[in-house]
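Raw model32.tsv, TSV, C-alpha atoms:
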```tsv
chain	number	residue	atom	x	y	z
A	404	MET	CA	27.02	20.10	28.53
A	405	ASN	CA	25.04	23.26	27.74
A	406	LEU	CA	25.26	22.52	24.02
A	407	LEU	CA	23.94	18.97	24.56
A	408	LEU	CA	20.93	20.19	26.55
A	409	PHE	CA	20.18	22.79	23.90
A	410	ALA	CA	20.26	20.16	21.13
A	411	LEU	CA	17.88	17.90	23.07
A	412	LEU	CA	15.45	20.78	23.61
A	413	LEU	CA	15.46	21.59	19.89
A	414	GLN	CA	14.79	17.95	19.04
A	415	ASP	CA	11.81	17.64	21.40
A	416	ALA	CA	10.30	20.99	20.58
A	417	THR	CA	7.44	21.12	18.07
A	418	PRO	CA	6.70	24.41	16.33
A	419	VAL	CA	3.26	25.87	16.82
A	420	GLY	CA	0.86	25.14	13.97
A	421	THR	CA	2.82	22.23	12.56
A	422	THR	CA	1.87	18.56	12.50
A	423	PRO	CA	4.25	16.19	14.27
A	424	LEU	CA	5.96	13.64	12.04
A	425	PRO	CA	4.60	10.11	12.14
A	426	PRO	CA	6.62	7.60	14.12
A	427	VAL	CA	9.21	5.65	12.19
A	428	ALA	CA	8.38	1.98	11.79
A	429	PRO	CA	10.69	-0.35	13.71
A	430	ALA	CA	13.48	-1.90	11.70
A	431	HIS	CA	12.33	-5.42	12.42
A	432	SER	CA	8.88	-4.95	10.87
A	433	SER	CA	8.36	-7.03	7.72
A	434	ALA	CA	6.64	-5.36	4.79
A	435	LEU	CA	6.15	-8.75	3.15
A	436	GLY	CA	4.47	-10.14	6.25
A	437	ASP	CA	2.20	-7.10	6.45
A	438	MET	CA	1.17	-7.47	2.82
A	439	ILE	CA	0.39	-11.16	3.30
A	440	HIS	CA	-1.58	-10.39	6.44
A	441	ASN	CA	-3.57	-7.68	4.66
A	442	SER	CA	-4.24	-9.74	1.52
A	443	GLY	CA	-7.78	-10.32	0.41
A	444	PRO	CA	-9.69	-13.63	0.48
A	445	MET	CA	-8.77	-14.56	-3.10
A	446	ALA	CA	-5.06	-13.97	-2.55
A	447	MET	CA	-5.12	-15.90	0.72
A	448	ALA	CA	-6.88	-18.83	-0.95
A	449	VAL	CA	-4.24	-18.89	-3.71
A	450	LEU	CA	-1.43	-18.74	-1.15
A	451	LEU	CA	-2.93	-21.64	0.80
A	452	ILE	CA	-3.22	-23.71	-2.38
A	453	LEU	CA	0.40	-22.97	-3.23
A	454	LEU	CA	1.45	-23.86	0.30
A	455	GLY	CA	-0.26	-27.25	0.01
A	456	MET	CA	1.38	-27.85	-3.38
A	457	SER	CA	4.78	-26.95	-1.94
A	458	VAL	CA	4.43	-29.33	1.01
A	459	PHE	CA	3.27	-32.15	-1.27
A	460	SER	CA	6.12	-31.61	-3.75
A	461	TRP	CA	8.75	-31.54	-1.02
A	462	ALA	CA	7.31	-34.71	0.51
A	463	ILE	CA	7.59	-36.46	-2.86
A	464	MET	CA	11.14	-35.26	-3.44
A	465	ILE	CA	12.37	-36.26	0.02
A	466	SER	CA	10.75	-39.71	-0.09
A	467	LYS	CA	12.03	-40.39	-3.61
A	468	TRP	CA	15.53	-39.24	-2.75
A	469	ARG	CA	15.64	-41.57	0.25
A	470	SER	CA	14.28	-44.56	-1.66
A	471	PHE	CA	16.63	-43.97	-4.59
A	472	SER	CA	19.61	-43.67	-2.27
A	473	ALA	CA	18.69	-46.94	-0.56
A	474	ALA	CA	18.20	-48.65	-3.94
A	475	GLN	CA	21.58	-47.43	-5.17
A	476	THR	CA	23.39	-48.61	-2.03
A	477	GLN	CA	21.75	-52.03	-2.02
A	478	GLY	CA	22.30	-52.37	-5.77
A	479	LYS	CA	26.06	-51.92	-5.38
A	480	ARG	CA	26.12	-54.52	-2.60
A	481	PHE	CA	24.06	-56.95	-4.65
A	482	VAL	CA	26.37	-56.63	-7.65
A	483	ARG	CA	29.40	-57.33	-5.44
A	484	ALA	CA	27.69	-60.40	-3.97
A	485	PHE	CA	26.65	-61.54	-7.44
A	486	ARG	CA	30.17	-61.32	-8.84
A	487	LYS	CA	31.69	-63.12	-5.85
A	488	SER	CA	29.22	-66.03	-6.02
A	489	GLY	CA	29.64	-68.99	-8.31
A	490	ARG	CA	26.11	-70.38	-8.62
A	491	LEU	CA	22.62	-69.06	-9.22
A	492	SER	CA	21.26	-70.92	-6.20
A	493	GLU	CA	23.71	-69.12	-3.91
A	494	ILE	CA	22.72	-65.74	-5.28
A	495	ALA	CA	19.01	-66.55	-5.05
A	496	ALA	CA	19.43	-67.47	-1.37
A	497	VAL	CA	20.75	-64.02	-0.44
A	498	ALA	CA	18.85	-61.90	-2.97
A	499	GLU	CA	16.12	-60.94	-0.50
A	500	GLN	CA	18.67	-59.10	1.63
A	501	PHE	CA	19.04	-56.53	-1.15
A	502	ARG	CA	15.33	-56.08	-1.86
A	503	PRO	CA	15.26	-52.23	-2.21
A	504	SER	CA	17.45	-52.60	-5.29
A	505	PRO	CA	15.61	-53.04	-8.62
A	506	LEU	CA	18.39	-55.40	-9.71
A	507	VAL	CA	16.91	-58.04	-7.42
A	508	ALA	CA	13.69	-58.09	-9.42
A	509	VAL	CA	15.64	-58.49	-12.66
A	510	PHE	CA	17.65	-61.36	-11.21
A	511	GLN	CA	14.63	-63.17	-9.82
A	512	GLU	CA	12.70	-62.89	-13.07
A	513	ILE	CA	15.61	-64.29	-15.08
A	514	HIS	CA	16.25	-66.97	-12.47
A	515	ASP	CA	12.61	-68.13	-12.49
A	516	GLU	CA	12.48	-68.23	-16.28
A	517	TYR	CA	15.75	-70.16	-16.43
A	518	HIS	CA	14.44	-72.63	-13.85
A	519	ARG	CA	11.28	-73.19	-15.91
A	520	GLN	CA	13.29	-73.85	-19.06
A	521	SER	CA	16.12	-76.08	-17.92
A	522	GLY	CA	15.62	-76.84	-14.23
A	523	ARG	CA	18.80	-74.94	-13.23
A	524	ARG	CA	21.02	-77.18	-15.32
A	525	GLY	CA	22.73	-76.54	-18.62
A	526	VAL	CA	22.40	-73.77	-21.16
A	527	PRO	CA	18.81	-72.47	-21.55
A	528	PRO	CA	17.08	-73.66	-24.74
A	529	ASN	CA	15.40	-70.26	-25.32
A	530	PRO	CA	17.70	-67.32	-24.46
A	531	GLN	CA	15.28	-64.84	-26.05
A	532	ALA	CA	12.73	-65.66	-23.37
A	533	LEU	CA	15.29	-64.76	-20.72
A	534	GLU	CA	15.92	-61.43	-22.43
A	535	ARG	CA	12.21	-60.67	-22.54
A	536	ALA	CA	11.91	-61.58	-18.86
A	537	ALA	CA	14.77	-59.20	-18.01
A	538	MET	CA	13.17	-56.35	-19.98
A	539	THR	CA	9.80	-56.98	-18.35
A	540	ALA	CA	11.29	-56.95	-14.86
A	541	ALA	CA	13.23	-53.75	-15.58
A	542	SER	CA	10.13	-52.03	-16.96
A	543	GLU	CA	8.02	-53.02	-13.95
A	544	SER	CA	10.70	-51.84	-11.52
A	545	LEU	CA	10.96	-48.47	-13.26
A	546	THR	CA	7.19	-48.10	-13.21
A	547	VAL	CA	7.18	-48.60	-9.45
A	548	MET	CA	10.04	-46.14	-8.96
A	549	GLU	CA	8.30	-43.53	-11.14
A	550	SER	CA	5.17	-43.49	-8.99
A	551	ARG	CA	4.07	-39.96	-7.98
A	552	MET	CA	6.64	-38.40	-10.29
A	553	THR	CA	3.82	-37.13	-12.50
A	554	TRP	CA	2.48	-35.17	-9.53
A	555	LEU	CA	5.85	-33.49	-9.14
A	556	ALA	CA	5.92	-32.54	-12.83
A	557	THR	CA	2.34	-31.26	-12.62
A	558	ILE	CA	3.13	-29.04	-9.64
A	559	ALA	CA	6.20	-27.66	-11.39
A	560	GLN	CA	4.10	-26.67	-14.42
A	561	VAL	CA	0.92	-25.51	-12.71
A	562	ALA	CA	2.26	-23.52	-9.73
A	563	PRO	CA	3.32	-20.42	-11.75
A	564	PHE	CA	-0.12	-20.25	-13.39
A	565	VAL	CA	-1.86	-20.54	-10.03
A	566	GLY	CA	0.24	-17.65	-8.75
A	567	LEU	CA	-0.47	-15.66	-11.89
A	568	PHE	CA	-4.19	-16.24	-11.42
A	569	GLY	CA	-3.97	-14.77	-7.93
A	570	THR	CA	-2.05	-11.78	-9.29
A	571	VAL	CA	-4.63	-11.09	-11.99
A	572	MET	CA	-7.51	-11.31	-9.52
A	573	GLY	CA	-5.67	-9.06	-7.09
A	574	ILE	CA	-5.03	-6.42	-9.76
A	575	ILE	CA	-8.69	-6.56	-10.78
A	576	ASP	CA	-9.71	-5.95	-7.17
A	577	ALA	CA	-7.20	-3.10	-6.88
A	578	PHE	CA	-8.49	-1.30	-9.96
A	579	HIS	CA	-12.08	-1.91	-8.92
A	580	GLY	CA	-11.36	-0.27	-5.58
A	581	LEU	CA	-9.60	2.56	-7.37
A	582	GLY	CA	-12.62	3.19	-9.55
A	583	THR	CA	-14.92	3.11	-6.56
A	584	ALA	CA	-12.80	5.54	-4.56
A	585	GLY	CA	-12.34	7.89	-7.51
A	586	ALA	CA	-8.77	8.79	-6.54
A	587	ALA	CA	-6.56	8.01	-9.51
A	588	THR	CA	-3.24	8.18	-7.70
A	589	LEU	CA	-0.32	5.79	-7.47
A	590	ARG	CA	-0.56	5.87	-3.69
A	591	ALA	CA	-4.09	4.49	-3.90
A	592	VAL	CA	-3.37	1.59	-6.29
A	593	ALA	CA	0.20	0.61	-5.37
A	594	PRO	CA	-0.60	-1.36	-2.16
A	595	GLY	CA	-3.20	-3.51	-3.89
A	596	ILE	CA	-0.93	-4.30	-6.81
A	597	SER	CA	2.03	-5.12	-4.56
A	598	GLU	CA	-0.14	-7.50	-2.54
A	599	ALA	CA	-1.36	-9.14	-5.74
A	600	LEU	CA	2.19	-9.73	-6.99
A	601	ILE	CA	2.96	-11.80	-3.91
A	602	THR	CA	1.07	-14.72	-5.39
A	603	THR	CA	3.26	-14.69	-8.50
A	604	ALA	CA	6.38	-14.80	-6.33
A	605	ALA	CA	4.86	-17.62	-4.27
A	606	GLY	CA	4.10	-19.59	-7.44
A	607	LEU	CA	7.73	-19.31	-8.54
A	608	VAL	CA	8.95	-20.34	-5.09
A	609	VAL	CA	6.85	-23.50	-5.38
A	610	ALA	CA	7.68	-24.26	-9.02
A	611	VAL	CA	11.46	-23.80	-9.08
A	612	PRO	CA	12.32	-26.50	-6.47
A	613	ALA	CA	9.78	-28.85	-8.06
A	614	VAL	CA	11.40	-28.45	-11.50
A	615	MET	CA	14.89	-29.00	-10.12
A	616	GLY	CA	13.81	-32.03	-8.09
A	617	TYR	CA	11.96	-33.57	-11.04
A	618	ASN	CA	14.97	-33.19	-13.32
A	619	GLN	CA	17.35	-34.69	-10.77
A	620	LEU	CA	15.07	-37.63	-9.99
A	621	THR	CA	14.45	-38.27	-13.69
A	622	ALA	CA	18.20	-38.41	-14.30
A	623	ARG	CA	18.56	-40.95	-11.50
A	624	LEU	CA	15.74	-43.04	-12.98
A	625	ARG	CA	17.57	-43.16	-16.31
A	626	GLU	CA	20.68	-44.27	-14.44
A	627	PHE	CA	18.72	-47.07	-12.74
A	628	GLY	CA	17.37	-48.17	-16.11
A	629	SER	CA	20.86	-48.36	-17.59
A	630	ARG	CA	22.14	-50.33	-14.61
A	631	MET	CA	19.30	-52.83	-14.87
A	632	ASP	CA	20.00	-53.33	-18.57
A	633	ASP	CA	23.71	-53.84	-17.92
A	634	PHE	CA	23.06	-56.26	-15.07
A	635	GLY	CA	20.57	-58.23	-17.13
A	636	ARG	CA	23.07	-58.62	-19.95
A	637	GLU	CA	25.80	-59.63	-17.51
A	638	LEU	CA	23.56	-62.27	-15.94
A	639	LEU	CA	22.45	-63.64	-19.31
A	640	ASN	CA	26.05	-63.85	-20.49
A	641	GLY	CA	26.97	-65.75	-17.35
A	642	ILE	CA	24.15	-68.22	-17.87
A	643	GLU	CA	24.94	-68.75	-21.54
A	644	ASP	CA	28.61	-69.27	-20.77
A	645	ALA	CA	27.63	-71.87	-18.15
A	646	ALA	CA	29.63	-69.98	-15.52
A	647	LEU	CA	26.86	-69.94	-12.95
A	648	VAL	CA	25.12	-73.23	-13.63
A	649	THR	CA	25.74	-76.76	-12.51
A	650	PRO	CA	27.86	-78.60	-15.10
A	651	PRO	CA	26.47	-81.71	-16.74
A	652	ALA	CA	27.04	-85.06	-15.08
A	653	GLN	CA	30.48	-86.68	-15.56
A	654	PRO	CA	29.26	-89.96	-17.13
A	655	ALA	CA	27.71	-88.07	-20.01
A	656	ARG	CA	31.04	-86.45	-20.82
A	657	ASP	CA	32.81	-89.83	-20.60
A	658	GLU	CA	30.39	-91.42	-23.04
A	659	TYR	CA	30.84	-88.47	-25.39
A	660	ARG	CA	34.60	-88.95	-25.31
A	661	ARG	CA	34.42	-92.73	-25.82
A	662	SER	CA	32.20	-92.24	-28.83
A	663	PHE	CA	35.14	-90.69	-30.61
```

Here is a file; write its structure as structure tokens.
Amino acid sequence: MNLLLFALLLQDATPVGTTPLPPVAPAHSSALGDMIHNSGPMAMAVLLILLGMSVFSWAIMISKWRSFSAAQTQGKRFVRAFRKSGRLSEIAAVAEQFRPSPLVAVFQEIHDEYHRQSGRRGVPPNPQALERAAMTAASESLTVMESRMTWLATIAQVAPFVGLFGTVMGIIDAFHGLGTAGAATLRAVAPGISEALITTAAGLVVAVPAVMGYNQLTARLREFGSRMDDFGRELLNGIEDAALVTPPAQPARDEYRRSF
């Protein structure tokens, strides 16, 4: 017990003529938060711009991911319904139920063109027109699905440069303050430079998710394009083979047979 009291007295005692040590910062204090809080107006403006870019890019990625997932699910259901059905009219009656899928637009464009050519009966006289209609519908659907993707690519490319701009301006301010103070020491310039480098890190934090999201969404767009091309060819083959159309009237076939 005596030894414990003696140790406590030595710890609390301060020698005469010495300066007490500064209090140790609490463990939960955040150096990064302090640097952001103490940043200058230029750095804060850059950080706010990057924050807005980050929110906008994440909103685009989340909305696109949801719409693409819905389109993929409805596309699979539409293909199953298409392959189970035996007539174009039956498929056209239920096509609106699968509207989020871009395959519906391809089907409707081919169906309308086929109806204009032959009135839903017989082999179409101009199959090339059906192919052009399928390609047009696929291109229009991809254009709609690609909306706002350019913004995502722009944010992915521009965000690092915005952060670098904030870093350069922060370093300029730090060296200007160093020249004004006249104290050429690392202690004087290090805080300003560390605060300036935060904007570069923030730019990378914004750009990396945007690049990854853009690449993933672009890959899914290519997949949608391939599926629309495959579905268009499958539909055109079915029409040309007369598998989904109403067969010609029976008397016409009888007359054809009697002619021989």

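We find CA of Ser492 in chain A and CA of Leu624 in chain A to be spaced 29.2 Å apart.
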
field: Residues within 12 Å of Thr553 in chain A, all atoms listed in the file, excluding chain neighbours under 4 positions, as a list in words
entry: Ser460, Ile463, Met464, Thr546, Met548, Glu549, Thr557, Ile558, Ala559, Gln560, Val561, Ala613, Val614, Tyr617, Asn618, Leu620 and Thr621 of chain A

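The nearest approach to Phe510 in chain A among the residues A:Gly478, A:Gly455, A:Pro444, A:Gly569, with only C-alpha atoms taken into account, belongs to A:Gly478.
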
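Nearest residue to Leu639 in chain A, choosing from A:Ile513, A:Leu607, A:Ala496, A:Ile465 and counting only C-alpha atoms: A:Ile513.
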
- request: Please measure the separation of CA of Trp554 in chain A and CA of Leu567 in chain A, giving the value in Å to one decimal.
  value: 19.9 Å

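The protein and nucleic acid residues lying at most 6 Å from Thr570 in chain A are A:Leu567, A:Phe568, A:Met572, A:Gly573, A:Ala599, A:Leu600, A:Thr602, with only C-alpha atoms considered and sequence neighbours fewer than 2 positions away removed.
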
query: List as a PyMOL selection string: which residues have an atom within 12 Å of (23.1, -57.3, -17.4), counting only C-alpha atoms?
result: chain A and resi 482+485-486+506-507+509-510+513+533-534+537-538+541+628-642

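Pairwise distance (CA of Ala610 in chain A, CA of Val449 in chain A) equals 14.1 Å.
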
message: Considering all atoms listed in the file, can you say which of A:Ala605, A:Pro530, A:Arg469, A:His579 comes closest to Asp644 in chain A?
response: A:Pro530

field: Option closest in space to His514 in chain A, from A:Asp576, A:Glu598, A:Glu543, A:Glu493 [counting all atoms listed in the file]
entry: A:Glu493
